[in-house]
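Participant: Okay, here's the structure, questions in a sec.
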There are 2 protein chains.
Amino acid sequence: MSRSEVVADIAARRGFYWPSFEIYGGVGGFYDYGPLGVAMRRNIIAKWRKIFIEPYQDVIIEVETPVIMPEPVFRASGHLEHFTDYVITCQKCGRKYRADHLIDEELSKRGIKLSLEGLSGEQLDEIVAKYGIKCPNCGGPLGKAERFNLLFKTTIGPYSTEAGYLRPETAQGMFVAFPRLADYVGRKVPFGVAQIGRVGRNEISPRQGLIRLREFSQMEIELFFDPANPSCPYLSEVEGVEIPIVPEELVARGSQDPLWLSPSQVAAKGYANEWMAFFMALSVKFLAEMGVAPDRQKFVAKLPHERAHYAATVYDQMAFTERFGWVEVSGHAYRTDYDLSRHAHFSGQEMFLERRLKQPKEVEEVRVYPNPAAIRAKYGDKMGDVIRAIQRRQGAVASALSSGADSVDVEGFFITRDMVYIKRERRRTDVEKFIPHVIEPSFGLDRILYVVLESSVVVEGERRYLKLPPDIAPITACVLPIVKRPQYVEEGRRLARALWRAGVAAIYDDEGTIGSRYASCDEIGVPIAVTIDEQTPKDSTVTIRDRDTRRQVRLALEKVVDFAIAIRSSTPFDEASSRLGATPFKA
Amino acid sequence: MSRSEVVADIAARRGFYWPSFEIYGGVGGFYDYGPLGVAMRRNIIAKWRKIFIEPYQDVIIEVETPVIMPEPVFRASGHLEHFTDYVITCQKCGRKYRADHLIDEELSKRGIKLSLEGLSGEQLDEIVAKYGIKCPNCGGPLGKAERFNLLFKTTIGPYSTEAGYLRPETAQGMFVAFPRLADYVGRKVPFGVAQIGRVGRNEISPRQGLIRLREFSQMEIELFFDPANPSCPYLSEVEGVEIPIVPEELVARGSQDPLWLSPSQVAAKGYANEWMAFFMALSVKFLAEMGVAPDRQKFVAKLPHERAHYAATVYDQMAFTERFGWVEVSGHAYRTDYDLSRHAHFSGQEMFLERRLKQPKEVEEVRVYPNPAAIRAKYGDKMGDVIRAIQRRQGAVASALSSGADSVDVEGFFITRDMVYIKRERRRTDVEKFIPHVIEPSFGLDRILYVVLESSVVVEGERRYLKLPPDIAPITACVLPIVKRPQYVEEGRRLARALWRAGVAAIYDDEGTIGSRYASCDEIGVPIAVTIDEQTPKDSTVTIRDRDTRRQVRLALEKVVDFAIAIRSSTPFDEASSRLGATPFKA
């Protein structure tokens, strides 16, 4: 049995994941996570936070923003315009196909392979015409390739005009909240904002299990930095990590073989800036610690026509799977100031920070001074609110009124010319405004779960087990009375409860032979099995079996909880044994 | 300053939460969680899992299912039909109002208070007519009350006919996956399925900050039990908890004052079954451990006309807040077999378990046997699949074909009469089928966060702080050089990094007076402040200040991480001090 067959076999049967809504025939692109899947997801998230967030609390903060966002966000972000795939509809049976998938599948039947990424609708139509591709369902003629927007659309509130969309990335929640977040960190760069959460992409024809879902979970960081100073203070800490990278120049030449470079080499060669190199190094470490060796990883640059609309440089972190070949598990994008600038433009709010100048300079500024008398005449008691609004939005007021408008709407107040004095002033300043640039590492939790699961499979003759790292394994310990004798059962149940109360994920099982129960625990990657045997009632000891080596030690019953906690926090089996006074097992 | 004013002051300024999409003017009912809010949410979730899930791993499992679900789910669940509020539209300006809110507000201006819950559209129209209520915006005439469905609607995939909805509760994901989940636990009751996740309710006019959101997070358990045996094996473990309960009979008489009963008394008096009483007791404990004293909690029964369409008994767990009065923080519903029966009916899938009979009985059964020859004639190689489908769906095949249909569609195969033999057989059996009943405790994470935050506020003269339990507080430790001297700064940064690397949430701050920094840490409820002072360079000790008492101890620098970890896991300050050898502080 191959690795991927083992995963396919256990995924649903053992409760990792299965297709959603099965009783209604299922809907493509949606998966449920069962108890083991949920536990593993939680462990992967904890690992990600441990590697990317916790050590860098001076730089990286975490937020949670809504899944549903109103239309202006996606008009500004460009998703309404650009977040599309081409769909082709059969003119006879009405079936719809994702254009590139359809062409790919039909041509591969004829042994033809074309590169379709980034092609226009007209180009896709030409290919369909040239090869005479028909509807695979009914043989009917196909219509023209049409753009299909992948945002899930809904309506917010009772007015049908108020469109909302499910976010296709968590990123926009951070960009839109930028003013608040900048205030939180004292308006200083660099700072990063992390978010973990669900997103939706209304794929035309989802496939490949967890790899291409319509609803999935992301773990993202938007790292804001001053483009005049892209240095990362933590780069030297990851210098020992070798990054397998296929830069744009190699990809353009058709190569997919990575160079192995240190983070500072990646930056020095200009393949990525320091922050991007830093996150790449952490990403190598992240996957490696979950059992995906660096030689089964690589960062492949995207060529300009393959990149998302917001990105200037993109690397996909790929991991090798038996089932799907190389799979993208994270994307590393240099988003420049695209998002903040667009949101500043579309919202009319200012999204800048200030940098200190080396030398003060003289600048001419337009300043807006409120005229309290005129404001009070119109707004009375609300004068203070109006003045503060004007001060907050000086730029907007000045540009509107000095470009000929008679009034301008500022946070709900109508400001007319008589309410303000607009003056041009020269002054010396030692700061200047800038819009931060963004490096974004973005991880797909569901894909990572699949990759880690498949990578963990070990098949040794008849035996198979998941060699999941103990801090990723969904269950830490199995408690197994060697036979179902009342005294053993009672002792076993008591021990299981002690583990549960201590927050250790544990399974109690007393059905079947001890061999079949070991196999059942191995199959889901439980790092240790605790056996209650004939000696337990005599001297209050149990055996602990190591999943990977099947070696056993004997341990005092009262130390099992500590042993399990040590294992879960990645203490090696031998070290936990000696620390807790376990002795070699003699059967 | 009152408690709620303190919360209002710090919520956005200090980074707990703020209205989403502010740069676009905001959209009612959506909130962002800032760094402190995210940390507090995570801690509340961890506490909930610690109380409701971890100790009961033999009974309760956890799943994660999609936020988007297809239409058939909500047709079956009754949400398409029943999950509505009444909306009233102004005939002149087009503004829309939630009918009960509008009536309530307009009548309260006249000093009139009516009970509107559960009224029909006609009854609401009568009230509007009787009191001559007009549009508060323009004074225009109001239209009739119309039902407005609160599900967020979208479309799944490229076909406009495939409707999907955002789940309004996580519960349906568990009901729909019932066959898989029952298999996971060995088809035995009782078992519970927990889920934590986001849900959407398209409120007509959301209000009250975190209390009524359009998108929020739930923590739910669906506990499946045999209605013939509703006993809870863990009831005795929570017998010490006193439950403040206002049962239906008291509510009907207009009382809101709780009785204080033990879980077994609640069950014995028939106010709730054992499982519901058990979860109520855990819920009291859950809130109490987060600083909401039991005397600020109560469980209030809902009267029949106030209950959701699926529920036979409902208690709302209410917590008292200064700002909003009594707020529902969890709902405890006896959902009977409503959901499973509806899904069984609408999906055609069987959603039952089997219970062992005390005495075997004779039953007559309709059995369906495949006719392989006829099946092979039509389906050839797929014969095996067809036979398995027939076996899985015996009931559907038998009832369709014996009630006169010529064929029946089974999992995509057309089964005609010649393909099966249908036989009535009598046999002895010692099991019978039943559809499990459901007890559901359902928690609103966002409301709980507000309640816990408000409850934690302490105002003592000029001093104010959040007395958050250390396992709920978003930040565990502040690291503060007493003055900004290079040596202190270096030591402080090194310590902060050590805490961060150990996964402790900590703030490093060296700006401003030590007094203002203590106040700043107090304001967000940081349990301990670590000060680097003149003695630190001499003997490698620091002071640790207890937030609640402001008492200080002196501790070896190398033990600070352990101290912080002890505090975070709820070790009292004095106990941590003596365990780690801290000495009284002499200034």
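Naming scheme: A, B, ... for chains in displayed order of the structure tokens; residues 1 onward per chain; ligands 1 onward as shown.
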Could you give me, as JSON lines, a per-residue list for chain B showing, wherever an atom lies at most 6 Å from an atom of chain A, the closest pair of atoms and their distance in Å to one decimal, using only C-alpha atoms and sorting by chain then residue number from low to high?
Facilitator:
{"residue": "B:Ile23", "atom": "CA", "partner": "A:Ser347", "partner_atom": "CA", "distance": 5.9}
{"residue": "B:Tyr24", "atom": "CA", "partner": "A:Ser347", "partner_atom": "CA", "distance": 5.6}
{"residue": "B:Asp32", "atom": "CA", "partner": "A:Thr65", "partner_atom": "CA", "distance": 4.5}
{"residue": "B:Tyr33", "atom": "CA", "partner": "A:Glu64", "partner_atom": "CA", "distance": 5.1}
{"residue": "B:Gly34", "atom": "CA", "partner": "A:Val63", "partner_atom": "CA", "distance": 4.9}
{"residue": "B:Pro35", "atom": "CA", "partner": "A:Glu62", "partner_atom": "CA", "distance": 4.9}
{"residue": "B:Val38", "atom": "CA", "partner": "A:Val63", "partner_atom": "CA", "distance": 5.9}
{"residue": "B:Glu54", "atom": "CA", "partner": "A:Trp500", "partner_atom": "CA", "distance": 5.4}
{"residue": "B:Pro55", "atom": "CA", "partner": "A:Arg501", "partner_atom": "CA", "distance": 4.5}
{"residue": "B:Ile61", "atom": "CA", "partner": "A:Pro35", "partner_atom": "CA", "distance": 5.8}
{"residue": "B:Glu62", "atom": "CA", "partner": "A:Pro35", "partner_atom": "CA", "distance": 5.0}
{"residue": "B:Val63", "atom": "CA", "partner": "A:Gly34", "partner_atom": "CA", "distance": 4.9}
{"residue": "B:Glu64", "atom": "CA", "partner": "A:Tyr33", "partner_atom": "CA", "distance": 5.0}
{"residue": "B:Thr65", "atom": "CA", "partner": "A:Asp32", "partner_atom": "CA", "distance": 4.5}
{"residue": "B:Lys153", "atom": "CA", "partner": "A:Thr154", "partner_atom": "CA", "distance": 5.5}
{"residue": "B:Thr154", "atom": "CA", "partner": "A:Thr154", "partner_atom": "CA", "distance": 5.1}
{"residue": "B:Gly157", "atom": "CA", "partner": "A:Ile204", "partner_atom": "CA", "distance": 5.3}
{"residue": "B:Pro158", "atom": "CA", "partner": "A:Ile204", "partner_atom": "CA", "distance": 5.7}
{"residue": "B:Asn202", "atom": "CA", "partner": "A:Gly157", "partner_atom": "CA", "distance": 5.7}
{"residue": "B:Ile204", "atom": "CA", "partner": "A:Gly157", "partner_atom": "CA", "distance": 5.3}
{"residue": "B:Ser347", "atom": "CA", "partner": "A:Tyr24", "partner_atom": "CA", "distance": 5.6}
{"residue": "B:Trp500", "atom": "CA", "partner": "A:Pro55", "partner_atom": "CA", "distance": 4.7}
{"residue": "B:Arg501", "atom": "CA", "partner": "A:Pro55", "partner_atom": "CA", "distance": 4.6}
{"residue": "B:Gly503", "atom": "CA", "partner": "A:Glu54", "partner_atom": "CA", "distance": 5.5}
Participant: Pick out each residue of range 267-362 of chain B that DSSP on the backbone tags as helix (DSSP H, G or I); I need them as a PyMOL selection string.
Facilitator: chain B and resi 267-268+274-289+294-296+304-306+338-347
Participant: Hey, which of A:Thr170, A:Asn371, A:Ser255, A:Thr416 ends up closest to Pro441 in chain A? Count only C-alpha atoms.
Facilitator: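 Closest to Pro441 in chain A, using only C-alpha atoms: A:Thr170.
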Participant: Which residues are close to range 262-265 of chain A, i.e. within 6 Å by only C-alpha atoms, leaving aside same-chain residues fewer than 3 positions away? Reply as a list in words.
Facilitator: Glu239, Glu242, Ile243, Ala268, Lys269 and Ala277 of chain A
Participant: From the options A:Tyr338, A:Tyr86, A:Phe324, A:Phe278, which residue's atoms come nearest to Val238 in chain A, counting only C-alpha atoms?
Facilitator: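 Of A:Tyr338, A:Tyr86, A:Phe324, A:Phe278, the one nearest Val238 in chain A, counting only C-alpha atoms, is A:Phe278.
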Participant: Would you list, as a PyMOL selection string, the residues of range 314-422 of chain A that end up in strand (DSSP E or B) under DSSP run on this structure's backbone?
Facilitator: chain A and resi 314-321+325-336+353-370+407-410+413-416+420-422
Participant: By how many Å are CA of Met318 in chain B and CA of Leu80 in chain B apart?
Facilitator: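 So the answer is 27.8 Å.
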Participant: Name the residues in contact with range 112-117 of chain B at a cut-off of 10 Å, using only C-alpha atoms, excluding same-chain residues fewer than 2 positions from it; report them as a PDB file with N, CA, C and O atoms, in the first residue's frame.
Facilitator:
ATOM      1  N   ALA B  99     -39.467  44.963  12.923  1.00  0.00           N
ATOM      2  CA  ALA B  99     -40.783  45.372  13.417  1.00  0.00           C
ATOM      3  C   ALA B  99     -40.820  45.505  14.935  1.00  0.00           C
ATOM      4  O   ALA B  99     -41.267  46.535  15.471  1.00  0.00           O
ATOM      5  N   ASP B 100     -40.329  44.492  15.642  1.00  0.00           N
ATOM      6  CA  ASP B 100     -40.457  44.559  17.103  1.00  0.00           C
ATOM      7  C   ASP B 100     -39.600  45.671  17.696  1.00  0.00           C
ATOM      8  O   ASP B 100     -40.033  46.362  18.623  1.00  0.00           O
ATOM      9  N   HIS B 101     -38.416  45.878  17.117  1.00  0.00           N
ATOM     10  CA  HIS B 101     -37.579  46.972  17.623  1.00  0.00           C
ATOM     11  C   HIS B 101     -38.259  48.319  17.393  1.00  0.00           C
ATOM     12  O   HIS B 101     -38.284  49.181  18.271  1.00  0.00           O
ATOM     13  N   ILE B 103     -41.493  49.059  17.011  1.00  0.00           N
ATOM     14  CA  ILE B 103     -42.651  49.247  17.883  1.00  0.00           C
ATOM     15  C   ILE B 103     -42.185  49.542  19.310  1.00  0.00           C
ATOM     16  O   ILE B 103     -42.663  50.463  19.964  1.00  0.00           O
ATOM     17  N   ASP B 104     -41.218  48.740  19.750  1.00  0.00           N
ATOM     18  CA  ASP B 104     -40.685  48.900  21.093  1.00  0.00           C
ATOM     19  C   ASP B 104     -40.169  50.326  21.322  1.00  0.00           C
ATOM     20  O   ASP B 104     -40.495  50.967  22.326  1.00  0.00           O
ATOM     21  N   GLU B 105     -39.376  50.809  20.378  1.00  0.00           N
ATOM     22  CA  GLU B 105     -38.784  52.133  20.551  1.00  0.00           C
ATOM     23  C   GLU B 105     -39.819  53.237  20.477  1.00  0.00           C
ATOM     24  O   GLU B 105     -39.790  54.189  21.269  1.00  0.00           O
ATOM     25  N   GLU B 106     -40.729  53.100  19.530  1.00  0.00           N
ATOM     26  CA  GLU B 106     -41.731  54.167  19.388  1.00  0.00           C
ATOM     27  C   GLU B 106     -42.662  54.203  20.596  1.00  0.00           C
ATOM     28  O   GLU B 106     -43.022  55.272  21.080  1.00  0.00           O
ATOM     29  N   LEU B 107     -43.061  53.015  21.078  1.00  0.00           N
ATOM     30  CA  LEU B 107     -43.973  52.998  22.227  1.00  0.00           C
ATOM     31  C   LEU B 107     -43.262  53.402  23.511  1.00  0.00           C
ATOM     32  O   LEU B 107     -43.871  54.015  24.395  1.00  0.00           O
ATOM     33  N   SER B 108     -41.993  53.081  23.615  1.00  0.00           N
ATOM     34  CA  SER B 108     -41.301  53.440  24.862  1.00  0.00           C
ATOM     35  C   SER B 108     -41.177  54.960  24.981  1.00  0.00           C
ATOM     36  O   SER B 108     -41.153  55.496  26.086  1.00  0.00           O
ATOM     37  N   LYS B 109     -41.153  55.656  23.827  1.00  0.00           N
ATOM     38  CA  LYS B 109     -41.186  57.124  23.889  1.00  0.00           C
ATOM     39  C   LYS B 109     -42.470  57.606  24.543  1.00  0.00           C
ATOM     40  O   LYS B 109     -42.530  58.693  25.094  1.00  0.00           O
ATOM     41  N   ARG B 110     -43.521  56.777  24.394  1.00  0.00           N
ATOM     42  CA  ARG B 110     -44.811  57.164  25.000  1.00  0.00           C
ATOM     43  C   ARG B 110     -45.012  56.465  26.344  1.00  0.00           C
ATOM     44  O   ARG B 110     -46.120  56.441  26.888  1.00  0.00           O
ATOM     45  N   LEU B 119     -45.071  37.254  18.351  1.00  0.00           N
ATOM     46  CA  LEU B 119     -46.288  37.764  17.705  1.00  0.00           C
ATOM     47  C   LEU B 119     -46.234  37.523  16.192  1.00  0.00           C
ATOM     48  O   LEU B 119     -45.176  37.518  15.585  1.00  0.00           O
ATOM     49  N   SER B 120     -47.418  37.372  15.587  1.00  0.00           N
ATOM     50  CA  SER B 120     -47.494  37.175  14.143  1.00  0.00           C
ATOM     51  C   SER B 120     -47.415  38.520  13.435  1.00  0.00           C
ATOM     52  O   SER B 120     -47.547  39.580  14.062  1.00  0.00           O
ATOM     53  N   GLN B 123     -50.534  40.518  13.987  1.00  0.00           N
ATOM     54  CA  GLN B 123     -50.588  41.134  15.321  1.00  0.00           C
ATOM     55  C   GLN B 123     -49.705  42.382  15.380  1.00  0.00           C
ATOM     56  O   GLN B 123     -50.080  43.385  15.975  1.00  0.00           O
ATOM     57  N   LEU B 124     -48.547  42.297  14.735  1.00  0.00           N
ATOM     58  CA  LEU B 124     -47.659  43.468  14.708  1.00  0.00           C
ATOM     59  C   LEU B 124     -48.316  44.601  13.919  1.00  0.00           C
ATOM     60  O   LEU B 124     -48.299  45.765  14.337  1.00  0.00           O
ATOM     61  N   ILE B 127     -50.814  46.425  16.000  1.00  0.00           N
ATOM     62  CA  ILE B 127     -50.223  47.348  16.976  1.00  0.00           C
ATOM     63  C   ILE B 127     -49.804  48.645  16.289  1.00  0.00           C
ATOM     64  O   ILE B 127     -50.062  49.745  16.772  1.00  0.00           O
ATOM     65  N   HIS B 305     -44.060  29.886  23.246  1.00  0.00           N
ATOM     66  CA  HIS B 305     -44.112  30.766  22.069  1.00  0.00           C
ATOM     67  C   HIS B 305     -42.793  31.523  21.862  1.00  0.00           C
ATOM     68  O   HIS B 305     -42.592  32.151  20.827  1.00  0.00           O
ATOM     69  N   GLU B 306     -41.900  31.471  22.840  1.00  0.00           N
ATOM     70  CA  GLU B 306     -40.610  32.154  22.698  1.00  0.00           C
ATOM     71  C   GLU B 306     -39.513  31.239  22.157  1.00  0.00           C
ATOM     72  O   GLU B 306     -38.421  31.692  21.842  1.00  0.00           O
ATOM     73  N   ARG B 307     -39.794  29.943  22.119  1.00  0.00           N
ATOM     74  CA  ARG B 307     -38.737  28.991  21.785  1.00  0.00           C
ATOM     75  C   ARG B 307     -38.508  28.873  20.290  1.00  0.00           C
ATOM     76  O   ARG B 307     -39.426  29.073  19.502  1.00  0.00           O
TER      77      ARG B 307
END
Participant: I'd like the contact shell of Thr583 in chain B - 10 Å cut-off, only C-alpha atoms, skipping same-chain residues fewer than 3 positions apart - returned as number ranges by chain.
Facilitator: B: 543, 552-556, 577-578, 580, 586
Participant: Create the file for the chosen residues now, containing N, CA and C atoms and written as a short mmCIF file (atom, residue, chain, number, x, y, z; two decimals), in the first residue's frame.
Facilitator:
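Okay, this is what ended up in result_18.cif:
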data_model
loop_
_atom_site.label_atom_id
_atom_site.label_comp_id
_atom_site.auth_asym_id
_atom_site.auth_seq_id
_atom_site.Cartn_x
_atom_site.Cartn_y
_atom_site.Cartn_z
N THR B 543 12.01 42.52 40.34
CA THR B 543 10.82 42.50 41.18
C THR B 543 9.65 42.04 40.33
N GLN B 552 4.85 43.40 45.89
CA GLN B 552 5.99 43.00 45.05
C GLN B 552 6.86 41.99 45.77
N VAL B 553 7.45 41.11 44.97
CA VAL B 553 8.45 40.18 45.50
C VAL B 553 9.68 40.30 44.62
N ARG B 554 10.77 39.79 45.13
CA ARG B 554 12.01 39.80 44.36
C ARG B 554 12.33 38.36 43.96
N LEU B 555 12.71 38.20 42.70
CA LEU B 555 12.86 36.85 42.16
C LEU B 555 14.11 36.79 41.28
N ALA B 556 14.74 35.62 41.28
CA ALA B 556 15.89 35.44 40.39
C ALA B 556 15.43 35.56 38.94
N SER B 577 5.32 32.41 44.29
CA SER B 577 6.45 33.07 44.94
C SER B 577 7.21 32.09 45.81
N SER B 578 6.47 31.34 46.64
CA SER B 578 7.19 30.48 47.56
C SER B 578 7.78 29.29 46.81
N LEU B 580 8.99 29.24 43.85
CA LEU B 580 10.18 29.63 43.08
C LEU B 580 11.18 30.45 43.91
N LYS B 586 11.96 44.72 49.34
CA LYS B 586 12.21 45.92 50.15
C LYS B 586 12.68 47.00 49.20
#
Participant: For the atom pair CA of Ala582 in chain A and CA of Arg517 in chain A, what is the interatomic distance in Å to one decimal place?
Facilitator: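 Value for the CA of Ala582 in chain A-CA of Arg517 in chain A distance: 22.7 Å.
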